[in-house]
file data-v2.cif (mmCIF, C-alpha atoms (C1' of nucleotides))
data_work
loop_
_atom_site.label_atom_id
_atom_site.label_comp_id
_atom_site.auth_asym_id
_atom_site.auth_seq_id
_atom_site.Cartn_x
_atom_site.Cartn_y
_atom_site.Cartn_z
CA MET A 440 39.25 55.87 67.69
CA ARG A 441 38.83 57.85 64.53
CA GLU A 442 39.41 56.03 61.28
CA GLU A 443 39.29 57.05 57.73
CA ILE A 444 39.49 55.55 54.30
CA VAL A 445 41.78 57.17 51.79
CA ASP A 446 41.95 55.32 48.53
CA GLY A 447 42.51 57.54 45.59
CA GLU A 448 39.27 59.41 45.27
CA LEU A 449 37.31 58.37 48.29
CA HIS A 450 37.86 59.97 51.65
CA GLU A 451 35.61 59.21 54.55
CA ALA A 452 36.11 59.86 58.19
CA ASP A 453 33.98 58.85 61.10
CA GLY A 454 33.66 62.25 62.54
CA ARG A 455 35.63 64.67 64.50
CA GLU A 456 33.37 67.49 63.46
CA LEU A 457 34.20 70.54 65.47
CA ASP A 458 31.38 72.23 67.30
CA ASP A 459 30.27 75.67 66.20
CA ALA A 460 32.05 77.39 69.04
CA THR A 461 35.39 75.89 68.08
CA VAL A 462 34.90 76.70 64.42
CA ALA A 463 34.01 80.26 65.37
CA GLU A 464 37.17 80.50 67.42
CA LEU A 465 39.26 79.28 64.51
CA HIS A 466 37.69 81.88 62.24
CA GLU A 467 38.47 84.50 64.83
CA ARG A 468 42.07 83.48 65.00
CA LEU A 469 42.27 83.69 61.23
CA GLU A 470 40.62 87.11 61.16
CA LYS A 471 42.97 88.39 63.82
CA TYR A 472 45.99 87.08 61.90
CA MET A 473 44.84 88.67 58.67
CA GLU A 474 44.13 91.99 60.31
CA LYS A 475 47.51 92.06 62.00
CA ASN A 476 49.21 91.38 58.68
CA GLY A 477 47.24 93.74 56.48
CA LEU A 478 45.48 90.87 54.73
CA ARG A 479 41.86 91.06 53.69
CA SER A 480 38.90 89.02 54.74
CA THR A 481 37.23 87.95 51.53
CA SER A 482 34.22 85.79 50.84
CA GLN A 483 36.48 83.18 49.24
CA ARG A 484 38.77 82.98 52.23
CA ARG A 485 35.85 82.68 54.58
CA LEU A 486 34.31 80.00 52.40
CA VAL A 487 37.48 77.95 52.04
CA SER A 488 38.40 78.20 55.69
CA GLU A 489 34.86 77.32 56.75
CA ALA A 490 34.90 74.22 54.55
CA PHE A 491 38.30 73.35 55.92
CA PHE A 492 37.40 73.86 59.59
CA ARG A 493 34.24 71.79 59.13
CA SER A 494 36.10 68.98 57.43
CA THR A 495 36.95 65.80 59.21
CA GLY A 496 39.92 64.27 57.54
CA HIS A 497 42.99 64.70 55.44
CA LEU A 498 41.81 66.83 52.58
CA SER A 499 43.54 67.47 49.32
CA ILE A 500 43.23 70.73 47.45
CA GLU A 501 40.88 68.98 45.06
CA ASP A 502 38.62 67.76 47.85
CA LEU A 503 38.43 71.24 49.23
CA LEU A 504 37.92 72.84 45.85
CA ALA A 505 35.04 70.48 45.12
CA THR A 506 33.44 71.35 48.45
CA VAL A 507 33.69 75.11 48.10
CA ARG A 508 32.54 75.02 44.49
CA GLU A 509 29.19 73.67 45.67
CA GLU A 510 28.76 77.06 47.25
CA ASP A 511 30.60 79.25 44.76
CA SER A 512 31.34 77.57 41.46
CA LYS A 513 33.77 80.24 40.30
CA ILE A 514 36.47 79.64 42.90
CA GLY A 515 39.77 78.60 41.33
CA TYR A 516 42.59 76.28 42.29
CA ALA A 517 44.94 79.14 42.98
CA THR A 518 42.67 80.64 45.61
CA VAL A 519 42.39 77.37 47.47
CA TYR A 520 46.16 76.88 47.34
CA ARG A 521 46.72 80.42 48.50
CA THR A 522 44.19 80.12 51.30
CA LEU A 523 45.66 76.87 52.54
CA LYS A 524 49.08 78.46 52.52
CA LEU A 525 47.62 81.26 54.61
CA LEU A 526 46.11 78.76 57.04
CA LYS A 527 49.45 77.00 57.34
CA ASP A 528 51.22 80.29 57.92
CA CYS A 529 48.94 81.25 60.77
CA GLY A 530 49.23 77.81 62.30
CA LEU A 531 45.69 76.63 61.63
CA ALA A 532 46.54 73.88 59.16
CA TYR A 533 49.01 71.05 58.93
CA GLU A 534 50.22 69.89 55.55
CA ARG A 535 50.85 66.19 55.12
CA HIS A 536 52.30 63.98 52.43
CA PHE A 537 51.43 60.31 52.35
CA GLY A 538 53.49 58.92 49.52
CA ASP A 539 51.23 59.85 46.62
CA GLY A 540 52.30 63.20 45.22
CA VAL A 541 49.39 65.07 46.78
CA SER A 542 49.41 67.47 49.71
CA ARG A 543 46.71 66.86 52.26
CA TYR A 544 45.67 69.26 54.97
CA GLU A 545 44.14 68.91 58.37
CA VAL A 546 43.01 71.33 61.04
CA ALA A 547 45.72 72.14 63.55
CA LEU A 548 44.23 72.01 67.01
CA GLU A 549 46.78 73.01 69.61
CA ASP A 550 46.17 70.16 71.97
CA GLU A 551 46.14 67.36 69.43
CA HIS A 552 48.81 65.25 67.85
CA HIS A 553 48.09 63.42 64.68
CA ASP A 554 50.43 60.60 64.04
CA HIS A 555 49.29 58.01 61.56
CA LEU A 556 49.07 54.28 61.13
CA ILE A 557 48.47 53.62 57.45
CA CYS A 558 47.44 50.41 55.72
CA MET A 559 49.53 49.95 52.60
CA SER A 560 46.87 47.76 51.04
CA CYS A 561 43.48 49.40 51.61
CA GLY A 562 44.68 52.86 52.61
CA LYS A 563 42.94 52.92 55.96
CA ILE A 564 44.36 55.60 58.25
CA VAL A 565 44.24 55.30 62.01
CA GLU A 566 45.35 58.32 63.97
CA PHE A 567 47.20 57.82 67.18
CA GLU A 568 48.87 59.66 69.96
CA ASN A 569 51.35 58.12 72.34
CA ASP A 570 52.77 60.10 75.20
CA GLU A 571 55.60 57.70 75.82
CA ILE A 572 56.83 58.09 72.28
CA GLU A 573 56.45 61.85 72.50
CA GLN A 574 58.54 61.85 75.64
CA LEU A 575 61.24 59.69 74.08
CA GLN A 576 61.32 62.01 71.09
CA ASP A 577 61.86 65.02 73.29
CA ASP A 578 64.59 63.26 75.23
CA LEU A 579 66.30 62.17 72.08
CA ALA A 580 66.14 65.64 70.57
CA ALA A 581 67.47 67.20 73.76
CA LYS A 582 70.36 64.76 73.77
CA HIS A 583 71.37 66.17 70.39
CA GLY A 584 70.87 69.76 71.46
CA PHE A 585 67.66 70.19 69.50
CA VAL A 586 64.45 71.89 70.50
CA LEU A 587 61.58 70.19 68.72
CA LYS A 588 58.96 72.15 66.84
CA ARG A 589 57.05 69.42 65.08
CA HIS A 590 57.36 65.88 63.91
CA VAL A 591 56.17 63.42 61.35
CA HIS A 592 55.52 59.89 62.53
CA GLU A 593 53.88 57.51 60.10
CA LEU A 594 53.66 53.76 60.48
CA TYR A 595 52.99 51.81 57.31
CA GLY A 596 51.83 48.22 57.32
CA LEU A 597 48.89 45.94 56.77
CA CYS A 598 45.71 46.26 58.78
CA GLY A 599 43.77 43.36 60.24
CA ASP A 600 41.50 43.12 57.20
CA CYS A 601 44.37 43.06 54.71
CA ARG A 602 46.75 40.69 56.43
CA THR A 603 46.96 37.26 54.89
CA ASP A 604 48.79 35.50 57.69
CA MET B 192 77.17 60.23 65.10
CA ARG B 193 76.72 60.89 61.44
CA GLU B 194 75.60 64.34 60.49
CA GLU B 195 74.93 66.00 57.26
CA ILE B 196 74.11 69.40 55.89
CA VAL B 197 71.28 69.69 53.43
CA ASP B 198 70.57 73.24 52.40
CA GLY B 199 69.38 73.56 48.89
CA GLU B 200 72.48 72.77 46.89
CA LEU B 201 75.01 71.65 49.42
CA HIS B 202 75.03 68.13 50.75
CA GLU B 203 77.82 66.89 52.92
CA ALA B 204 77.97 63.90 55.16
CA ASP B 205 80.66 62.85 57.57
CA GLY B 206 81.04 59.42 56.23
CA ARG B 207 79.34 56.13 56.39
CA GLU B 208 81.17 54.93 53.32
CA LEU B 209 80.56 51.27 52.84
CA ASP B 210 83.56 49.03 52.48
CA ASP B 211 84.23 47.35 49.16
CA ALA B 212 82.91 44.02 50.32
CA THR B 213 79.56 45.50 51.25
CA VAL B 214 79.31 47.42 48.01
CA ALA B 215 80.14 44.24 46.11
CA GLU B 216 77.40 42.43 47.96
CA LEU B 217 74.88 45.11 47.07
CA HIS B 218 75.87 44.88 43.42
CA GLU B 219 75.41 41.14 43.62
CA ARG B 220 71.96 41.47 45.08
CA LEU B 221 71.07 43.85 42.29
CA GLU B 222 72.47 41.54 39.61
CA LYS B 223 70.55 38.64 41.04
CA TYR B 224 67.34 40.63 41.09
CA MET B 225 67.80 41.75 37.51
CA GLU B 226 68.55 38.27 36.30
CA LYS B 227 65.55 36.83 38.05
CA ASN B 228 63.32 39.44 36.44
CA GLY B 229 64.71 39.36 32.93
CA LEU B 230 66.31 42.78 33.33
CA ARG B 231 69.66 43.63 31.82
CA SER B 232 72.88 44.65 33.44
CA THR B 233 73.98 47.75 31.59
CA SER B 234 76.95 50.05 32.05
CA GLN B 235 74.58 52.85 33.07
CA ARG B 236 72.89 50.79 35.73
CA ARG B 237 76.21 49.66 37.09
CA LEU B 238 77.48 53.21 37.11
CA VAL B 239 74.42 54.70 38.80
CA SER B 240 74.17 51.96 41.39
CA GLU B 241 77.90 52.15 42.10
CA ALA B 242 77.64 55.91 42.67
CA PHE B 243 74.61 55.33 44.82
CA PHE B 244 76.13 52.56 46.94
CA ARG B 245 79.26 54.65 47.47
CA SER B 246 77.29 57.69 48.51
CA THR B 247 76.99 58.71 52.09
CA GLY B 248 73.86 60.72 52.45
CA HIS B 249 70.45 61.58 51.19
CA LEU B 250 70.95 62.08 47.51
CA SER B 251 68.60 63.69 45.07
CA ILE B 252 68.38 62.59 41.47
CA GLU B 253 70.36 65.69 40.55
CA ASP B 254 73.15 64.86 42.97
CA LEU B 255 73.38 61.40 41.53
CA LEU B 256 73.18 62.57 37.96
CA ALA B 257 76.01 65.04 38.54
CA THR B 258 78.13 62.28 40.04
CA VAL B 259 77.60 59.75 37.28
CA ARG B 260 78.09 62.36 34.56
CA GLU B 261 81.66 62.83 35.75
CA GLU B 262 82.17 59.32 34.50
CA ASP B 263 79.79 59.27 31.56
CA SER B 264 78.55 62.66 30.46
CA LYS B 265 75.79 61.32 28.25
CA ILE B 266 73.66 59.77 30.97
CA GLY B 267 70.21 61.31 31.14
CA TYR B 268 67.75 62.09 33.89
CA ALA B 269 65.39 59.34 32.84
CA THR B 270 68.02 56.66 33.30
CA VAL B 271 68.81 57.82 36.80
CA TYR B 272 65.13 57.95 37.71
CA ARG B 273 64.58 54.52 36.23
CA THR B 274 67.59 53.05 37.97
CA LEU B 275 66.56 54.45 41.33
CA LYS B 276 63.11 53.03 40.82
CA LEU B 277 64.74 49.70 40.14
CA LEU B 278 66.82 50.00 43.30
CA LYS B 279 63.72 50.80 45.32
CA ASP B 280 61.88 47.86 43.80
CA CYS B 281 64.58 45.43 44.75
CA GLY B 282 64.79 46.86 48.24
CA LEU B 283 68.22 48.46 47.95
CA ALA B 284 67.09 52.07 48.22
CA TYR B 285 64.78 54.09 50.41
CA GLU B 286 63.03 57.11 49.00
CA ARG B 287 62.56 60.06 51.33
CA HIS B 288 60.79 63.40 51.16
CA PHE B 289 61.83 66.19 53.47
CA GLY B 290 59.34 68.94 52.81
CA ASP B 291 60.93 70.39 49.70
CA GLY B 292 59.46 68.76 46.63
CA VAL B 293 62.53 66.66 45.95
CA SER B 294 62.93 62.93 46.35
CA ARG B 295 66.07 61.85 48.12
CA TYR B 296 67.45 58.36 48.22
CA GLU B 297 69.57 56.43 50.62
CA VAL B 298 71.05 52.96 50.68
CA ALA B 299 68.80 50.44 52.40
CA LEU B 300 70.91 48.33 54.69
CA GLU B 301 68.83 45.63 56.34
CA ASP B 302 70.09 46.17 59.83
CA GLU B 303 69.82 49.93 59.94
CA HIS B 304 67.03 52.29 60.73
CA HIS B 305 67.23 55.82 59.55
CA ASP B 306 65.01 58.11 61.45
CA HIS B 307 65.84 61.76 61.24
CA LEU B 308 66.26 64.80 63.42
CA ILE B 309 66.21 67.82 61.15
CA CYS B 310 67.13 71.43 61.91
CA MET B 311 64.53 73.73 60.41
CA SER B 312 67.01 76.58 60.29
CA CYS B 313 70.31 75.23 58.94
CA GLY B 314 69.05 71.94 57.54
CA LYS B 315 71.39 69.76 59.55
CA ILE B 316 70.24 66.14 59.61
CA VAL B 317 71.07 63.80 62.46
CA GLU B 318 70.12 60.19 62.02
CA PHE B 319 68.95 58.24 65.00
CA GLU B 320 67.68 54.89 66.04
CA ASN B 321 65.82 54.22 69.23
CA ASP B 322 64.81 50.73 70.19
CA GLU B 323 62.32 51.85 72.81
CA ILE B 324 60.45 53.88 70.21
CA GLU B 325 60.59 50.98 67.78
CA GLN B 326 59.11 48.71 70.40
CA LEU B 327 56.34 51.16 71.24
CA GLN B 328 55.55 51.48 67.55
CA ASP B 329 55.19 47.75 67.19
CA ASP B 330 53.00 47.51 70.26
CA LEU B 331 50.83 50.31 69.07
CA ALA B 332 50.46 48.82 65.61
CA ALA B 333 49.63 45.42 67.08
CA LYS B 334 46.97 46.98 69.27
CA HIS B 335 45.25 48.18 66.10
CA GLY B 336 45.68 44.85 64.33
CA PHE B 337 48.43 46.11 62.04
CA VAL B 338 51.62 44.41 60.98
CA LEU B 339 54.24 47.08 60.34
CA LYS B 340 56.31 47.12 57.19
CA ARG B 341 58.06 50.45 57.42
CA HIS B 342 57.80 53.80 59.08
CA VAL B 343 58.69 57.44 58.70
CA HIS B 344 59.82 59.26 61.79
CA GLU B 345 61.12 62.77 61.39
CA LEU B 346 61.67 65.26 64.17
CA TYR B 347 61.88 68.90 63.12
CA GLY B 348 63.29 71.59 65.35
CA LEU B 349 66.24 73.87 65.97
CA CYS B 350 69.70 72.51 66.57
CA GLY B 351 72.09 73.76 69.22
CA ASP B 352 73.74 76.19 66.81
CA CYS B 353 70.47 77.71 65.62
CA ARG B 354 68.62 78.09 68.89
CA THR B 355 68.38 81.63 70.14
CA ASP B 356 67.20 80.88 73.67
"C1'" DC C 748 40.65 105.61 45.94
"C1'" DT C 749 44.27 101.97 47.09
"C1'" DC C 750 46.23 98.05 47.51
"C1'" DG C 751 45.55 93.33 48.32
"C1'" DA C 752 42.84 89.23 46.36
"C1'" DT C 753 40.87 86.61 42.66
"C1'" DG C 754 40.60 83.80 38.50
"C1'" DC C 755 42.48 82.51 34.62
"C1'" DA C 756 46.10 80.79 32.04
"C1'" DA C 757 50.76 80.34 31.51
"C1'" DA C 758 54.82 78.91 33.81
"C1'" DT C 759 57.45 76.04 36.82
"C1'" DG C 760 59.68 72.02 38.78
"C1'" DC C 761 59.88 67.25 39.45
"C1'" DT C 762 58.89 62.96 37.47
"C1'" DT C 763 57.21 59.79 33.87
"C1'" DT C 764 56.61 58.21 29.22
"C1'" DG C 765 56.88 57.40 24.00
"C1'" DC C 766 59.85 56.38 20.66
"C1'" DA C 767 63.80 55.43 17.56
"C1'" DG C 768 68.23 53.96 17.84
"C1'" DA C 769 71.74 51.28 20.82
"C1'" DA C 770 73.13 47.36 23.25
"C1'" DA C 771 72.51 43.11 26.21
"C1'" DA C 772 71.51 38.20 25.98
"C1'" DT D 1290 68.14 38.20 16.42
"C1'" DT D 1291 65.19 39.45 19.96
"C1'" DT D 1292 64.05 42.13 23.66
"C1'" DT D 1293 65.26 45.39 26.91
"C1'" DC D 1294 67.54 49.86 27.72
"C1'" DT D 1295 68.95 54.51 26.76
"C1'" DG D 1296 68.65 59.36 25.73
"C1'" DC D 1297 66.06 62.73 24.21
"C1'" DA D 1298 62.19 65.40 24.06
"C1'" DA D 1299 57.50 65.64 25.02
"C1'" DA D 1300 53.98 64.85 28.25
"C1'" DG D 1301 52.04 64.74 33.02
"C1'" DC D 1302 50.93 66.41 37.52
"C1'" DA D 1303 50.78 69.23 41.40
"C1'" DT D 1304 51.79 73.67 42.56
"C1'" DT D 1305 53.08 78.57 41.78
"C1'" DT D 1306 53.03 82.91 39.46
"C1'" DG D 1307 51.94 87.02 36.27
"C1'" DC D 1308 48.55 89.93 35.19
"C1'" DA D 1309 44.21 92.33 34.35
"C1'" DT D 1310 40.32 92.90 36.97
"C1'" DC D 1311 37.70 92.94 41.22
"C1'" DG D 1312 36.55 94.27 45.69
"C1'" DA D 1313 37.66 95.10 50.80
"C1'" DG D 1314 38.90 98.73 53.70
#
call {"tool": "encode", "arguments": {"input": "data-v2.cif", "output": "structure tokens"}}
result
Amino acid sequence: MREEIVDGELHEADGRELDDATVAELHERLEKYMEKNGLRSTSQRRLVSEAFFRSTGHLSIEDLLATVREEDSKIGYATVYRTLKLLKDCGLAYERHFGDGVSRYEVALEDEHHDHLICMSCGKIVEFENDEIEQLQDDLAAKHGFVLKRHVHELYGLCGDCRTD
Amino acid sequence: MREEIVDGELHEADGRELDDATVAELHERLEKYMEKNGLRSTSQRRLVSEAFFRSTGHLSIEDLLATVREEDSKIGYATVYRTLKLLKDCGLAYERHFGDGVSRYEVALEDEHHDHLICMSCGKIVEFENDEIEQLQDDLAAKHGFVLKRHVHELYGLCGDCRTD
DNA sequence: CTCGATGCAAATGCTTTGCAGAAAA
DNA sequence: TTTTCTGCAAAGCATTTGCATCGAG
């Protein structure tokens, strides 16, 4: 089970690093999307998307900016925002909001669901996937005539370390 | 089934108006909370909370401000924000974020769950409650050592009217 | 060359805060 | 009278945008 600490500044994850082949495939998808839409492949876009694809957790724009600036110190906020918007648009990134006013992003792999169990005290995030719940969601949506495209499912509580009972 | 349209400016709901007794009880809870915490019962707070308790949907600060200004045109944004914060703090309001950058609030009734099925095209919101899902959530949380306090469960898709298939 | 992308700074939109006057207790 | 609250305007943040310049195609 992957876990991750998110407490203000610190973000650690225990690794879901994608292998080179997968990262290459993601870059390809991005390139294809840009080409099809008359967008240009720039060093900044490649750098930001590389940092993003290689990342392991729920990154904020700041996290990402800090990472890419190690490589190219002149990259600005706007570029990172614009690149992440591009990645969202071509379906390679999910945008998440966990209460604080900050957008966090994570790589969108087709075959993965990322629902979250979040500790309200220490900020630990446990990702989960539950087929039964997914099925119930679909049923419920169908009952109301909806076709589901995506969902947000976040459980907030206290983790084992933070419970006092 | 309650439904509601949320599309930028327009917000309509088909009625979950609380009866006077319930509204009175909510006011009482608020008064008690304020007294216990050395806070004061002002005409503005009574007005904002009344408008809020009588509301039927997912109101933004603007919605609420517009409503209370019909009664008292001098009420300012800050007061509404501060009052809603107070209502959240004493457990009478839930704060929600549906993608757009706006906070929406709804009355927190103890015995109700408000999960949401949201049409990505027309913005229709259907509220739902599903005990099986609730149970699975609890089980899942317990398996990870968590005690759940609250959750966010939003299903996004296309409603019957907006589907093209 | 052309047109999209970048970086900067200014602008925006929502929310919070500081402060002097107003009003509960 | 004392302390909190209000309304206003200013400040804060995260995010977006305008524009001159840069660079991919």
call {"tool": "interface_residues", "arguments": {"input": "data-v2.cif", "of": "chain C", "to": "chain A", "cutoff": "12 Å", "atoms": "all atoms listed in the file", "output": "PDB file with C-alpha atoms (C1' of nucleotides), keeping the file's coordinate frame"}}
result
ATOM      1  C1'  DC C 750      46.230  98.050  47.510  1.00  0.00           C
ATOM      2  C1'  DG C 751      45.550  93.330  48.320  1.00  0.00           C
ATOM      3  C1'  DA C 752      42.840  89.230  46.360  1.00  0.00           C
ATOM      4  C1'  DT C 753      40.870  86.610  42.660  1.00  0.00           C
ATOM      5  C1'  DG C 754      40.600  83.800  38.500  1.00  0.00           C
ATOM      6  C1'  DC C 755      42.480  82.510  34.620  1.00  0.00           C
ATOM      7  C1'  DA C 756      46.100  80.790  32.040  1.00  0.00           C
ATOM      8  C1'  DC C 761      59.880  67.250  39.450  1.00  0.00           C
ATOM      9  C1'  DT C 762      58.890  62.960  37.470  1.00  0.00           C
TER      10       DT C 762
END
call {"tool": "interface_residues", "arguments": {"input": "data-v2.cif", "of": "chain B", "to": "chain A", "cutoff": "6 Å", "atoms": "only C-alpha atoms", "output": "JSON list (two decimals) with C-alpha atoms, keeping the file's coordinate frame"}}
result
[["chain", "number", "residue", "atom", "x", "y", "z"],
["B", 324, "ILE", "CA", 60.45, 53.88, 70.21],
["B", 336, "GLY", "CA", 45.68, 44.85, 64.33],
["B", 337, "PHE", "CA", 48.43, 46.11, 62.04],
["B", 338, "VAL", "CA", 51.62, 44.41, 60.98],
["B", 339, "LEU", "CA", 54.24, 47.08, 60.34],
["B", 340, "LYS", "CA", 56.31, 47.12, 57.19],
["B", 341, "ARG", "CA", 58.06, 50.45, 57.42],
["B", 342, "HIS", "CA", 57.80, 53.80, 59.08],
["B", 343, "VAL", "CA", 58.69, 57.44, 58.70],
["B", 344, "HIS", "CA", 59.82, 59.26, 61.79],
["B", 345, "GLU", "CA", 61.12, 62.77, 61.39],
["B", 346, "LEU", "CA", 61.67, 65.26, 64.17],
["B", 347, "TYR", "CA", 61.88, 68.90, 63.12],
["B", 348, "GLY", "CA", 63.29, 71.59, 65.35],
["B", 349, "LEU", "CA", 66.24, 73.87, 65.97],
["B", 350, "CYS", "CA", 69.70, 72.51, 66.57],
["B", 351, "GLY", "CA", 72.09, 73.76, 69.22]]
call {"tool": "resolve_selection", "arguments": {"input": "data-v2.cif", "expression": "the PyMOL selection byres ((chain A and resi 523) around 9)", "output": "list of chain:residue names"}}
result
A:Val487, A:Ser488, A:Phe491, A:Ile500, A:Thr518, A:Val519, A:Tyr520, A:Arg521, A:Thr522, A:Lys524, A:Leu525, A:Leu526, A:Lys527, A:Asp528, A:Ala532, A:Glu534, A:Tyr544
call {"tool": "atom_distance", "arguments": {"input": "data-v2.cif", "atom1": "atom CA of Gly530 of chain A", "atom2": "atom CA of Phe492 of chain A"}}
result
12.8 Å
call {"tool": "resolve_selection", "arguments": {"input": "data-v2.cif", "expression": "the PyMOL selection byres ((chain D) within 12 of (chain A))", "output": "count of residues only"}}
result
9
call {"tool": "atom_distance", "arguments": {"input": "data-v2.cif", "atom1": "atom CA of Asp322 of chain B", "atom2": "atom CA of Arg220 of chain B"}}
result
27.7 Å
call {"tool": "atom_distance", "arguments": {"input": "data-v2.cif", "atom1": "atom CA of Tyr285 of chain B", "atom2": "atom CA of Glu297 of chain B"}}
result
5.3 Å
call {"tool": "closest_residue", "arguments": {"input": "data-v2.cif", "among": "A:Val546, A:Cys529, A:Gly562, A:Gly496", "to": "Lys471 of chain A", "atoms": "all atoms listed in the file"}}
result
A:Cys529
call {"tool": "resolve_selection", "arguments": {"input": "data-v2.cif", "expression": "the PyMOL selection byres ((chain A and resi 465) around 10)", "output": "list in words"}}
result
Asp459, Ala460, Thr461, Val462, Ala463, Glu464, His466, Glu467, Arg468, Leu469, Glu470, Lys471, Ser488, Glu489, Phe492, Leu531, Val546, Ala547 and Leu548 of chain A
call {"tool": "residues_around", "arguments": {"input": "data-v2.cif", "residues": "segment 764-766 of chain C", "least_positions_apart": "2", "cutoff": "9 Å", "atoms": "all atoms listed in the file", "output": "CSV table (one decimal) with C-alpha atoms (C1' of nucleotides), keeping the file's coordinate frame"}}
result
chain,number,residue,atom,x,y,z
D,1299,DA,C1',57.5,65.6,25.0
D,1300,DA,C1',54.0,64.8,28.2
D,1301,DG,C1',52.0,64.7,33.0
call {"tool": "closest_residue", "arguments": {"input": "data-v2.cif", "among": "C:DC748, C:DG768, C:DT763, C:DA757", "to": "DT1295 of chain D", "atoms": "only C-alpha atoms (C1' of nucleotides)"}}
result
C:DG768
